[in-house]
Amino acid sequence: MTRLVAVPNVSEGRDEDALDAIGAAFGAHAEVLHRSADPDHHRAVFFLAGAPGELHRALAAGAVEAAARIDLTRHDGLHPRVGALDVAPVVYLDDAQRGAAIAEALLAADAIGAAGIPVFLYGELAGGRTRAELRKGGPEGLAARGTPPDYGPGALHPTAGATLVSARAPLIALNFELAPVATLEDARAIAAAIRESGPDGLPGVRALGLRLDRRDVVQVSTNIEDHRAVTAAGVLDAVRRHRAVARAELVAPAPAAALAGWPEDVEMRMPGAIEALLGR
């Protein structure tokens, strides 16, 4: 049976009981293949696989549980966010799945909206509107701009905000821990240089410079939106032109092709390749 993939992100990275409950809600309608969480980002990423026509139910159930467990008015994480279930992309692994992924994402948007959480579409479902545009200023900024939701209530949920939904190709979320001599200013400068709009810009790369106080590390946090244009190793090379990298962390499973050529001298903590998890 063909299975689709979803990678919902929730704005909770510290409360294991809450994450277990949210994971159980997802798992009632899909298989939870991986979960990662970070207390500084205060965020968790789930990797789900499910049948077309069923996966959207998992995302809606998770949205309801996340709304019950997460209060954004008390959130203090580093990662930008607008919702308890912050983003809920359905991922197509090849062009043959694209239509099914779009249909499932729209079903998810409708189901999450019907559960009382406003939904904003992004990416190809919204004429290219980006997550960054919607997240600017957090929930308060989104509410102040007065942009109407695409599904669900016309106003943000008072504690759970909104959920951003799309259908997209795999996105590679990869964090680089800089060597101890690096500062937060170094990380921010590197992020500004390598992101797509920067002077050394890499195509489809988004980047932030962060300090993780709990782990006492400085990090360049990146999203690679098109691994066919630049691989994880290519982004590593760009970062290392500025500062030494102590290790890297892959936040969620990625296609094997995105990880090709990774050098042996830099440790990467990783959950594995998508193909292996799906038995391909």
# chains A, B, ... in the order shown; residues from 1 in each chain; ligands from 1

call {"tool": "closest_atom_pairs", "arguments": {"of": "stretch 60-85 of chain A", "to": "stretch 32-41 of chain A", "cutoff": "12 Å", "atoms": "only C-alpha atoms", "output": "JSON lines"}}
result
{"residue": "A:Gly62", "atom": "CA", "partner": "A:Val32", "partner_atom": "CA", "distance": 11.5}
{"residue": "A:His75", "atom": "CA", "partner": "A:His41", "partner_atom": "CA", "distance": 10.4}
{"residue": "A:Asp76", "atom": "CA", "partner": "A:His41", "partner_atom": "CA", "distance": 8.6}
{"residue": "A:Gly77", "atom": "CA", "partner": "A:His41", "partner_atom": "CA", "distance": 4.9}
{"residue": "A:Leu78", "atom": "CA", "partner": "A:His41", "partner_atom": "CA", "distance": 4.6}
{"residue": "A:His79", "atom": "CA", "partner": "A:His41", "partner_atom": "CA", "distance": 4.9}
{"residue": "A:Pro80", "atom": "CA", "partner": "A:His41", "partner_atom": "CA", "distance": 8.6}
{"residue": "A:Arg81", "atom": "CA", "partner": "A:His41", "partner_atom": "CA", "distance": 10.2}

call {"tool": "write_last_selection", "arguments": {"atoms": "C-alpha atoms", "output": "PDB file, in the first residue's frame"}}
result
ATOM      1  CA  GLY A  62      -2.429  15.741  17.059  1.00  0.00           C
ATOM      2  CA  HIS A  75       6.242  29.627  25.593  1.00  0.00           C
ATOM      3  CA  ASP A  76       9.872  30.775  25.738  1.00  0.00           C
ATOM      4  CA  GLY A  77      11.676  28.698  23.121  1.00  0.00           C
ATOM      5  CA  LEU A  78      14.181  29.940  20.550  1.00  0.00           C
ATOM      6  CA  HIS A  79      12.407  28.571  17.501  1.00  0.00           C
ATOM      7  CA  PRO A  80       9.969  30.892  15.661  1.00  0.00           C
ATOM      8  CA  ARG A  81       6.376  29.683  15.978  1.00  0.00           C
TER       9      ARG A  81
END

call {"tool": "residues_around", "arguments": {"residues": "stretch 262-278 of chain A", "least_positions_apart": "3", "cutoff": "6 Å", "atoms": "only C-alpha atoms", "output": "list in words"}}
result
Ala233, Arg247, Ala248, Glu249, Leu250, Pro253, Ala254, Pro255 and Ala256 of chain A

call {"tool": "write_last_selection", "arguments": {"atoms": "C-alpha atoms", "output": "PDB file, in the first residue's frame"}}
result
ATOM      1  CA  ALA A 233      27.611  18.309   2.855  1.00  0.00           C
ATOM      2  CA  ARG A 247      29.223  18.215  15.168  1.00  0.00           C
ATOM      3  CA  ALA A 248      25.906  18.313  13.333  1.00  0.00           C
ATOM      4  CA  GLU A 249      22.383  17.152  14.096  1.00  0.00           C
ATOM      5  CA  LEU A 250      19.753  16.049  11.588  1.00  0.00           C
ATOM      6  CA  PRO A 253      14.827  11.684   8.590  1.00  0.00           C
ATOM      7  CA  ALA A 254      16.028  12.869   5.187  1.00  0.00           C
ATOM      8  CA  PRO A 255      16.395  11.294   1.742  1.00  0.00           C
ATOM      9  CA  ALA A 256      19.638   9.362   1.379  1.00  0.00           C
TER      10      ALA A 256
END

call {"tool": "residues_around", "arguments": {"residues": "stretch 147-156 of chain A", "least_positions_apart": "5", "cutoff": "12 Å", "atoms": "only C-alpha atoms", "output": "MDAnalysis selection string"}}
result
chainID A and resid 60 67 72 82:84 105:122 125:126 133:135 138:142 161:166

call {"tool": "write_last_selection", "arguments": {"atoms": "C-alpha atoms", "output": "tab-separated table (two decimals), in the first residue's frame"}}
result
chain	number	residue	atom	x	y	z
A	60	ALA	CA	-6.03	16.74	13.18
A	67	ALA	CA	-3.90	22.58	21.81
A	72	LEU	CA	1.80	29.61	23.60
A	82	VAL	CA	2.73	30.68	15.62
A	83	GLY	CA	1.01	27.56	16.88
A	84	ALA	CA	0.93	24.67	19.34
A	105	ALA	CA	-2.75	18.44	3.03
A	106	LEU	CA	-6.03	20.12	2.10
A	107	LEU	CA	-7.97	17.45	3.98
A	108	ALA	CA	-5.71	18.07	6.99
A	109	ALA	CA	-6.25	21.83	6.78
A	110	ASP	CA	-10.01	21.33	6.72
A	111	ALA	CA	-9.98	18.83	9.60
A	112	ILE	CA	-7.70	20.94	11.81
A	113	GLY	CA	-9.84	23.99	11.09
A	114	ALA	CA	-13.00	22.05	11.97
A	115	ALA	CA	-11.37	21.17	15.30
A	116	GLY	CA	-11.18	24.88	16.17
A	117	ILE	CA	-7.62	25.74	15.16
A	118	PRO	CA	-7.25	28.32	12.36
A	119	VAL	CA	-5.12	27.11	9.47
A	120	PHE	CA	-2.94	29.12	7.10
A	121	LEU	CA	-1.65	27.47	3.95
A	122	TYR	CA	1.91	28.10	2.78
A	125	LEU	CA	-0.75	25.70	-1.70
A	126	ALA	CA	-0.63	29.46	-1.10
A	133	GLU	CA	6.12	35.51	6.28
A	134	LEU	CA	3.40	33.98	8.45
A	135	ARG	CA	5.63	33.62	11.52
A	138	GLY	CA	4.92	35.36	16.24
A	139	PRO	CA	1.21	34.83	16.94
A	140	GLU	CA	0.82	38.49	17.86
A	141	GLY	CA	2.30	39.61	14.55
A	142	LEU	CA	0.11	37.21	12.59
A	161	GLY	CA	-2.45	30.03	17.95
A	162	ALA	CA	-2.67	28.68	14.40
A	163	THR	CA	-1.32	25.82	12.32
A	164	LEU	CA	0.54	26.22	9.02
A	165	VAL	CA	-0.17	23.51	6.44
A	166	SER	CA	1.45	22.70	3.12

call {"tool": "select_by_dssp", "arguments": {"residues": "stretch 53-217 of chain A", "states": "helix (DSSP H, G or I)", "output": "number ranges by chain"}}
result
A: 55-69, 72-74, 95-114, 124-126, 131-135, 138-145, 184-194

call {"tool": "write_last_selection", "arguments": {"atoms": "C-alpha atoms", "output": "CSV table (one decimal), in the first residue's frame"}}
result
chain,number,residue,atom,x,y,z
A,55,LEU,CA,-3.0,10.6,7.4
A,56,HIS,CA,-4.9,13.9,7.7
A,57,ARG,CA,-6.9,12.4,10.6
A,58,ALA,CA,-3.6,11.9,12.5
A,59,LEU,CA,-2.6,15.5,12.0
A,60,ALA,CA,-6.0,16.7,13.2
A,61,ALA,CA,-5.9,14.5,16.3
A,62,GLY,CA,-2.4,15.7,17.1
A,63,ALA,CA,-3.6,19.3,16.7
A,64,VAL,CA,-6.3,18.8,19.2
A,65,GLU,CA,-4.0,17.2,21.7
A,66,ALA,CA,-1.3,19.8,21.2
A,67,ALA,CA,-3.9,22.6,21.8
A,68,ALA,CA,-4.9,20.9,25.1
A,69,ARG,CA,-1.3,20.5,26.2
A,72,LEU,CA,1.8,29.6,23.6
A,73,THR,CA,1.3,32.6,25.9
A,74,ARG,CA,3.9,30.9,28.3
A,95,ASP,CA,6.5,13.7,-8.3
A,96,ALA,CA,4.2,10.7,-8.5
A,97,GLN,CA,3.0,11.4,-4.9
A,98,ARG,CA,2.6,15.1,-5.4
A,99,GLY,CA,-1.1,15.1,-6.2
A,100,ALA,CA,-1.9,12.7,-3.3
A,101,ALA,CA,0.1,14.9,-0.9
A,102,ILE,CA,-1.7,18.0,-2.0
A,103,ALA,CA,-5.1,16.4,-1.5
A,104,GLU,CA,-4.1,15.0,1.9
A,105,ALA,CA,-2.8,18.4,3.0
A,106,LEU,CA,-6.0,20.1,2.1
A,107,LEU,CA,-8.0,17.5,4.0
A,108,ALA,CA,-5.7,18.1,7.0
A,109,ALA,CA,-6.3,21.8,6.8
A,110,ASP,CA,-10.0,21.3,6.7
A,111,ALA,CA,-10.0,18.8,9.6
A,112,ILE,CA,-7.7,20.9,11.8
A,113,GLY,CA,-9.8,24.0,11.1
A,114,ALA,CA,-13.0,22.1,12.0
A,124,GLU,CA,2.7,25.8,-3.3
A,125,LEU,CA,-0.7,25.7,-1.7
A,126,ALA,CA,-0.6,29.5,-1.1
A,131,ARG,CA,6.4,30.1,6.7
A,132,ALA,CA,8.7,33.0,7.6
A,133,GLU,CA,6.1,35.5,6.3
A,134,LEU,CA,3.4,34.0,8.4
A,135,ARG,CA,5.6,33.6,11.5
A,138,GLY,CA,4.9,35.4,16.2
A,139,PRO,CA,1.2,34.8,16.9
A,140,GLU,CA,0.8,38.5,17.9
A,141,GLY,CA,2.3,39.6,14.5
A,142,LEU,CA,0.1,37.2,12.6
A,143,ALA,CA,-3.0,38.4,14.4
A,144,ALA,CA,-2.1,42.1,14.0
A,145,ARG,CA,-1.6,41.8,10.2
A,184,LEU,CA,26.5,33.9,19.1
A,185,GLU,CA,27.6,36.9,16.9
A,186,ASP,CA,29.7,34.4,14.8
A,187,ALA,CA,26.7,32.1,14.4
A,188,ARG,CA,24.5,34.9,13.3
A,189,ALA,CA,27.0,36.3,10.9
A,190,ILE,CA,27.5,32.8,9.3
A,191,ALA,CA,23.7,32.3,9.1
A,192,ALA,CA,23.4,35.7,7.4
A,193,ALA,CA,26.2,34.8,4.9
A,194,ILE,CA,25.0,31.3,3.9

call {"tool": "decode", "arguments": {"residues": "stretch 54-97 of chain A", "atoms": "C-alpha atoms", "output": "PDB file, in the first residue's frame"}}
result
ATOM      1  CA  GLU A  54      -6.148   8.602   6.793  1.00  0.00           C
ATOM      2  CA  LEU A  55      -2.985  10.618   7.439  1.00  0.00           C
ATOM      3  CA  HIS A  56      -4.944  13.879   7.712  1.00  0.00           C
ATOM      4  CA  ARG A  57      -6.880  12.389  10.633  1.00  0.00           C
ATOM      5  CA  ALA A  58      -3.601  11.874  12.473  1.00  0.00           C
ATOM      6  CA  LEU A  59      -2.633  15.514  11.972  1.00  0.00           C
ATOM      7  CA  ALA A  60      -6.029  16.737  13.182  1.00  0.00           C
ATOM      8  CA  ALA A  61      -5.928  14.488  16.258  1.00  0.00           C
ATOM      9  CA  GLY A  62      -2.429  15.741  17.059  1.00  0.00           C
ATOM     10  CA  ALA A  63      -3.570  19.337  16.664  1.00  0.00           C
ATOM     11  CA  VAL A  64      -6.338  18.804  19.213  1.00  0.00           C
ATOM     12  CA  GLU A  65      -3.981  17.178  21.723  1.00  0.00           C
ATOM     13  CA  ALA A  66      -1.312  19.850  21.182  1.00  0.00           C
ATOM     14  CA  ALA A  67      -3.900  22.575  21.810  1.00  0.00           C
ATOM     15  CA  ALA A  68      -4.864  20.878  25.071  1.00  0.00           C
ATOM     16  CA  ARG A  69      -1.252  20.524  26.220  1.00  0.00           C
ATOM     17  CA  ILE A  70       0.555  23.662  24.990  1.00  0.00           C
ATOM     18  CA  ASP A  71      -0.022  27.277  26.008  1.00  0.00           C
ATOM     19  CA  LEU A  72       1.801  29.613  23.603  1.00  0.00           C
ATOM     20  CA  THR A  73       1.329  32.570  25.944  1.00  0.00           C
ATOM     21  CA  ARG A  74       3.851  30.866  28.277  1.00  0.00           C
ATOM     22  CA  HIS A  75       6.242  29.627  25.593  1.00  0.00           C
ATOM     23  CA  ASP A  76       9.872  30.775  25.738  1.00  0.00           C
ATOM     24  CA  GLY A  77      11.676  28.698  23.121  1.00  0.00           C
ATOM     25  CA  LEU A  78      14.181  29.940  20.550  1.00  0.00           C
ATOM     26  CA  HIS A  79      12.407  28.571  17.501  1.00  0.00           C
ATOM     27  CA  PRO A  80       9.969  30.892  15.661  1.00  0.00           C
ATOM     28  CA  ARG A  81       6.376  29.683  15.978  1.00  0.00           C
ATOM     29  CA  VAL A  82       2.735  30.682  15.620  1.00  0.00           C
ATOM     30  CA  GLY A  83       1.006  27.560  16.884  1.00  0.00           C
ATOM     31  CA  ALA A  84       0.929  24.672  19.337  1.00  0.00           C
ATOM     32  CA  LEU A  85       0.894  22.390  16.301  1.00  0.00           C
ATOM     33  CA  ASP A  86       3.021  24.901  14.457  1.00  0.00           C
ATOM     34  CA  VAL A  87       3.473  23.353  11.015  1.00  0.00           C
ATOM     35  CA  ALA A  88       1.913  20.238   9.518  1.00  0.00           C
ATOM     36  CA  PRO A  89       3.397  19.567   6.077  1.00  0.00           C
ATOM     37  CA  VAL A  90       2.489  16.518   4.038  1.00  0.00           C
ATOM     38  CA  VAL A  91       5.625  15.461   2.178  1.00  0.00           C
ATOM     39  CA  TYR A  92       5.816  13.923  -1.280  1.00  0.00           C
ATOM     40  CA  LEU A  93       8.939  11.885  -1.874  1.00  0.00           C
ATOM     41  CA  ASP A  94       8.631  11.948  -5.659  1.00  0.00           C
ATOM     42  CA  ASP A  95       6.523  13.665  -8.300  1.00  0.00           C
ATOM     43  CA  ALA A  96       4.177  10.680  -8.515  1.00  0.00           C
ATOM     44  CA  GLN A  97       3.030  11.388  -4.928  1.00  0.00           C
TER      45      GLN A  97
END
